[in-house]
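Q: Supplied structure: data30.txt, compact mmCIF, C-alpha atoms.
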# COMPACT_ATOMS: atom_id res chain seq x y z
CA ASP A 1339 -3.75 -80.50 133.90
CA CYS A 1340 -1.26 -83.27 134.66
CA GLU A 1341 -0.45 -83.51 130.96
CA LYS A 1342 0.12 -79.74 130.76
CA ASP A 1343 2.34 -79.80 133.86
CA SER A 1344 4.34 -82.66 132.33
CA GLU A 1345 4.77 -80.66 129.11
CA ILE A 1346 5.93 -77.59 131.07
CA ASP A 1347 8.43 -79.72 132.99
CA GLN A 1348 9.74 -81.11 129.69
CA TYR A 1349 10.40 -77.60 128.32
CA LYS A 1350 12.00 -76.52 131.60
CA SER A 1351 14.30 -79.53 131.40
CA GLN A 1352 15.21 -78.70 127.79
CA ALA A 1353 15.92 -75.08 128.75
CA LYS A 1354 18.25 -76.26 131.55
CA SER A 1355 20.02 -78.58 129.09
CA LEU A 1356 20.49 -75.69 126.67
CA PHE A 1357 22.03 -73.51 129.39
CA LYS A 1358 24.39 -76.36 130.32
CA ARG A 1359 25.49 -76.57 126.67
CA PHE A 1360 26.07 -72.81 126.55
CA ALA A 1361 28.28 -73.03 129.63
CA GLN A 1362 30.33 -75.94 128.23
CA GLN A 1363 30.90 -74.56 124.74
CA SER A 1364 33.54 -72.02 123.91
CA ALA A 1365 32.46 -68.67 122.47
CA SER A 1366 33.93 -69.44 119.04
CA THR A 1367 31.67 -72.49 118.58
CA GLN A 1368 28.42 -70.80 119.52
CA ALA A 1369 26.08 -69.37 116.89
CA GLN A 1370 24.85 -65.91 117.83
CA ARG A 1371 21.17 -66.29 116.87
CA VAL A 1372 19.51 -69.72 116.90
CA SER A 1373 15.94 -71.04 116.91
CA ALA A 1374 15.56 -74.58 118.26
CA GLU A 1375 12.20 -76.19 117.45
CA SER A 1376 10.63 -78.44 120.08
CA GLY A 1377 7.13 -79.77 119.43
CA LYS A 1378 4.58 -76.94 119.23
CA PHE A 1379 7.08 -74.42 120.57
CA VAL A 1380 10.42 -72.86 119.62
CA PHE A 1381 13.36 -71.87 121.80
CA HIS A 1382 15.00 -68.68 120.49
CA TYR A 1383 18.34 -67.64 121.95
CA ILE A 1384 21.11 -65.10 121.59
CA LEU A 1385 24.61 -65.49 123.01
CA ASP A 1386 26.26 -62.16 123.68
CA GLN A 1387 29.51 -61.49 125.59
CA GLY A 1388 29.28 -64.79 127.47
CA VAL A 1389 25.62 -64.27 128.47
CA ALA A 1390 22.71 -66.35 127.07
CA PHE A 1391 19.30 -64.78 126.48
CA LEU A 1392 16.59 -67.37 125.83
CA THR A 1393 12.83 -67.30 125.29
CA LEU A 1394 10.20 -69.92 124.42
CA THR A 1395 7.40 -69.02 121.97
CA GLU A 1396 4.68 -70.80 120.03
CA LYS A 1397 5.73 -71.87 116.53
CA GLY A 1398 3.49 -69.24 114.96
CA TYR A 1399 5.14 -66.34 116.80
CA PRO A 1400 7.31 -64.27 114.40
CA LYS A 1401 11.03 -64.99 114.75
CA LYS A 1402 11.88 -61.38 114.05
CA LEU A 1403 9.91 -60.18 117.07
CA ALA A 1404 11.34 -62.94 119.28
CA PHE A 1405 14.89 -61.87 118.46
CA GLN A 1406 14.13 -58.16 118.76
CA TYR A 1407 12.80 -58.92 122.25
CA LEU A 1408 16.00 -60.79 123.12
CA GLU A 1409 18.16 -58.05 121.60
CA GLU A 1410 16.41 -55.44 123.75
CA LEU A 1411 17.14 -57.57 126.82
CA ALA A 1412 20.77 -58.09 125.76
CA GLY A 1413 21.28 -54.38 125.10
CA GLU A 1414 19.85 -53.25 128.45
CA PHE A 1415 21.59 -56.03 130.38
CA GLY A 1416 24.93 -55.13 128.80
CA ARG A 1417 24.41 -51.46 129.65
CA LEU A 1418 23.53 -52.17 133.31
CA TYR A 1419 25.64 -55.21 134.17
CA GLY A 1420 28.09 -55.87 131.33
CA THR A 1421 31.17 -55.22 133.46
CA GLN A 1422 29.88 -57.30 136.38
CA VAL A 1423 29.29 -60.63 134.62
CA GLU A 1424 32.81 -62.05 135.09
CA ALA A 1425 32.80 -61.25 138.80
CA ALA A 1426 29.32 -62.74 139.51
CA GLN A 1427 29.60 -65.71 141.90
CA ARG A 1428 26.16 -66.29 143.40
CA PRO A 1429 22.95 -67.52 141.70
CA TYR A 1430 20.41 -64.82 140.83
CA ALA A 1431 23.06 -62.11 141.07
CA PHE A 1432 21.08 -60.05 138.57
CA ILE A 1433 17.56 -60.76 139.88
CA LYS A 1434 16.67 -57.06 139.70
CA PHE A 1435 16.83 -57.32 135.91
CA ASP A 1436 13.61 -59.40 136.01
CA THR A 1437 11.58 -56.16 136.31
CA PHE A 1438 12.86 -55.04 132.90
CA ILE A 1439 12.26 -58.54 131.44
CA GLN A 1440 8.61 -58.57 132.55
CA LYS A 1441 7.99 -55.02 131.36
CA THR A 1442 9.55 -55.70 127.95
CA LYS A 1443 7.77 -59.05 127.58
CA LYS A 1444 4.38 -57.30 127.84
CA LEU A 1445 5.30 -55.10 124.87
CA TYR A 1446 5.91 -58.16 122.69
CA MET A 1447 2.97 -60.34 123.81
CA ASP A 1448 0.52 -59.10 121.18
CA THR A 1449 1.98 -59.25 117.67
CA ARG A 1450 -0.90 -57.15 116.28
CA THR A 1451 -0.04 -53.90 118.06
CA GLN A 1452 1.07 -51.00 115.85
CA ARG A 1453 4.50 -51.06 117.50
CA ASN A 1454 5.10 -54.73 116.70
CA MET A 1455 3.60 -54.53 113.20
CA SER A 1456 6.06 -51.71 112.42
CA LYS A 1457 8.95 -53.80 113.71
CA LEU A 1458 7.90 -56.75 111.55
CA ASN A 1459 7.76 -54.58 108.43
CA ASP A 1460 11.13 -52.91 109.03
CA ASP A 1461 13.46 -55.49 107.50
CA LEU A 1462 12.24 -59.02 106.80
CA SER A 1463 15.66 -60.03 105.40
CA GLU A 1464 17.03 -60.21 108.96
CA VAL A 1465 15.06 -63.43 109.54
CA HIS A 1466 17.24 -65.33 107.05
CA SER A 1467 20.32 -64.85 109.25
CA ILE A 1468 18.73 -66.86 112.07
CA MET A 1469 19.85 -70.49 112.26
CA THR A 1470 16.90 -72.86 112.75
CA ARG A 1471 17.41 -76.36 114.17
CA SER A 1472 15.55 -78.94 116.20
CA ILE A 1473 16.16 -79.06 119.94
CA GLN A 1474 17.70 -82.54 119.47
CA GLU A 1475 20.21 -81.17 116.94
CA VAL A 1476 21.24 -78.32 119.25
CA LEU A 1477 21.67 -80.59 122.28
CA GLY A 1478 23.28 -83.30 120.11
CA GLN A 1479 25.81 -80.80 118.79
CA GLY A 1480 26.64 -79.98 122.39
CA GLU A 1481 27.32 -83.67 123.08
CA LYS A 1482 29.62 -83.88 120.05
CA LEU A 1483 31.48 -80.78 121.22
CA ASP A 1484 31.78 -82.30 124.71
CA ASN A 1485 33.25 -85.48 123.20
CA MET A 1486 35.67 -83.44 121.08
CA SER A 1487 36.68 -81.47 124.17
CA LYS A 1488 37.29 -84.70 126.13
CA MET A 1489 39.25 -86.15 123.20
CA SER A 1490 41.32 -82.97 122.99
CA ARG A 1491 42.11 -83.11 126.73
CA SER A 1492 43.03 -86.81 126.41
CA LEU A 1493 45.37 -86.08 123.50
CA ALA A 1494 46.97 -83.24 125.46
CA ASP A 1495 47.54 -85.57 128.44
CA ASP A 1496 49.02 -88.24 126.16
CA ALA A 1497 51.30 -85.64 124.58
CA LYS A 1498 52.55 -84.61 128.04
CA LYS A 1499 53.22 -88.24 128.97
CA TYR A 1500 55.03 -88.82 125.67
CA SER A 1501 57.10 -85.67 126.16
CA SER A 1502 58.06 -86.75 129.70
CA LYS A 1503 58.96 -90.26 128.51
CA ALA A 1504 61.00 -88.85 125.63
CA LYS A 1505 62.99 -86.68 128.08
CA ASP A 1506 63.68 -89.72 130.28
CA LEU A 1507 64.88 -91.75 127.28
CA HIS A 1508 67.09 -88.87 126.13
CA ARG A 1509 68.59 -88.62 129.62
CA GLN A 1510 69.25 -92.37 129.72
CA ALA A 1511 70.87 -92.25 126.26
CA LEU A 1512 73.20 -89.45 127.40
CA MET A 1513 74.13 -91.42 130.50
CA ARG A 1514 74.89 -94.55 128.46
CA LYS A 1515 77.01 -92.46 126.10
CA TYR A 1516 78.98 -90.33 128.55
CA VAL A 1517 79.13 -92.25 131.85
CA PRO A 1518 81.62 -94.89 130.54
CA LEU A 1519 83.78 -92.10 129.08
CA ALA A 1520 83.67 -90.21 132.37
CA ALA A 1521 84.67 -93.42 134.20
CA VAL A 1522 87.68 -93.92 131.89
CA ILE A 1523 88.79 -90.30 132.36
CA PHE A 1524 88.40 -90.69 136.11
CA LEU A 1525 90.55 -93.86 136.11
CA VAL A 1526 93.25 -92.21 133.97
CA LEU A 1527 93.35 -89.21 136.30
CA LEU A 1528 93.47 -91.52 139.32
CA VAL A 1529 96.41 -93.47 137.84
CA LEU A 1530 98.25 -90.26 137.00
CA TRP A 1531 97.66 -88.91 140.50
CA LEU A 1532 98.88 -92.13 142.12
CA ARG A 1533 101.98 -92.20 139.91
CA ALA A 1534 102.73 -88.60 140.69
CA LYS A 1535 102.32 -89.29 144.37
CA PHE A 1536 104.53 -92.40 144.14
CA TYR A 1537 107.37 -90.66 142.24
CA SER A 1538 107.27 -87.66 144.54
CA LYS A 1539 108.40 -89.92 147.34
What is this file in structure tokens?
A:
Amino acid sequence: DCEKDSEIDQYKSQAKSLFKRFAQQSASTQAQRVSAESGKFVFHYILDQGVAFLTLTEKGYPKKLAFQYLEELAGEFGRLYGTQVEAAQRPYAFIKFDTFIQKTKKLYMDTRTQRNMSKLNDDLSEVHSIMTRSIQEVLGQGEKLDNMSKMSRSLADDAKKYSSKAKDLHRQALMRKYVPLAAVIFLVLLVLWLRAKFYSK
């Protein structure tokens, strides 16, 4: 029992890590349909309109059914809450959706039902479009993207500093060039003014 609890905790921790990666990555870098293998199980996930839909299945469970389950969730969630996602601020804002999740999950539990057998036979070619990786690869890719993001921010900061320094140097160069000239003009004008004042007397 302790060993099973430890295994469950490990998968929960991996799921949390995956969600953190989803939150940190930009939409353009995220694959839409990915299977991440982890021991005897596989994480399947879909990213749709900024929302992640994830499920954990045994390795022998058909990928096609796993993704059809997720696509059903994504479709219904988008229909009910699609316009509310950006405004959501509190945890469990969409807790009512769990009723639909549980109901739909029951339909996909047994792969031998007529309904699921029909779905499996519909179009097997769809399975080839699913990217399969290990959980370490998926989380490792997230770390690389984090590092690239940090490097990008650092380069942007350096560019700002360089731009500011360049403006200061340009300003100093202008002062060195024109201040002496302005001083000479001022002295000439001062002399002319004094002479004019002197001769007017």
Q: Would you mind listing what lies within 12 Å of Leu1418 in chain A as a PyMOL selection string, with only C-alpha atoms counted and same-chain residues fewer than 5 positions away left out?
A: chain A and resi 1411-1413+1423+1432+1434-1435+1438
Q: Which residues, written as a PDB file with C-alpha atoms, in the coordinates of the input, have at least one atom at most 8 Å from range 1387-1394 of chain A, with only C-alpha atoms counted and residues fewer than 6 positions away on the same chain left out?
A:
ATOM      1  CA  PHE A1357      22.030 -73.510 129.390  1.00  0.00           C
ATOM      2  CA  PHE A1360      26.070 -72.810 126.550  1.00  0.00           C
ATOM      3  CA  ALA A1365      32.460 -68.670 122.470  1.00  0.00           C
ATOM      4  CA  PHE A1379       7.080 -74.420 120.570  1.00  0.00           C
ATOM      5  CA  VAL A1380      10.420 -72.860 119.620  1.00  0.00           C
ATOM      6  CA  PHE A1381      13.360 -71.870 121.800  1.00  0.00           C
ATOM      7  CA  ALA A1404      11.340 -62.940 119.280  1.00  0.00           C
ATOM      8  CA  LEU A1408      16.000 -60.790 123.120  1.00  0.00           C
ATOM      9  CA  LEU A1411      17.140 -57.570 126.820  1.00  0.00           C
ATOM     10  CA  ALA A1412      20.770 -58.090 125.760  1.00  0.00           C
TER      11      ALA A1412
END
Q: If I take CA of Leu1403 in chain A and CA of Gln1474 in chain A, how far is one from the other in Å, to one decimal?
A: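 Taking CA of Leu1403 in chain A as the start and CA of Gln1474 in chain A as the end point, the length is 23.8 Å.
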Q: So which residues touch Leu1356 in chain A within 10 Å, counting only C-alpha atoms, skipping near sequence neighbours fewer than 5 positions away, as an MDAnalysis selection string?
A: chainID A and resid 1350:1351 1361:1362 1374 1381 1383 1390 1392 1473 1476:1477 1480
Q: For the atom pair CA of Glu1396 in chain A and CA of Ile1346 in chain A, what is the interatomic distance in Å to one decimal place?
A: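 If I compute the distance from CA of Glu1396 in chain A to CA of Ile1346 in chain A, I get 13.0 Å.
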Q: Can you pull out every residue within 12 Å of Tyr1399 in chain A, counting only C-alpha atoms, but drop anything in the same chain fewer than 6 positions away, and send it as a PyMOL selection string?
A: chain A and resi 1373+1378-1382+1393+1405+1407+1446-1450+1454+1458
Q: Grab the CA of Lys1402 in chain A to CA of Tyr1430 in chain A distance for me, in Å with one decimal place.
A: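 Going from CA of Lys1402 in chain A over to CA of Tyr1430 in chain A covers 28.3 Å.
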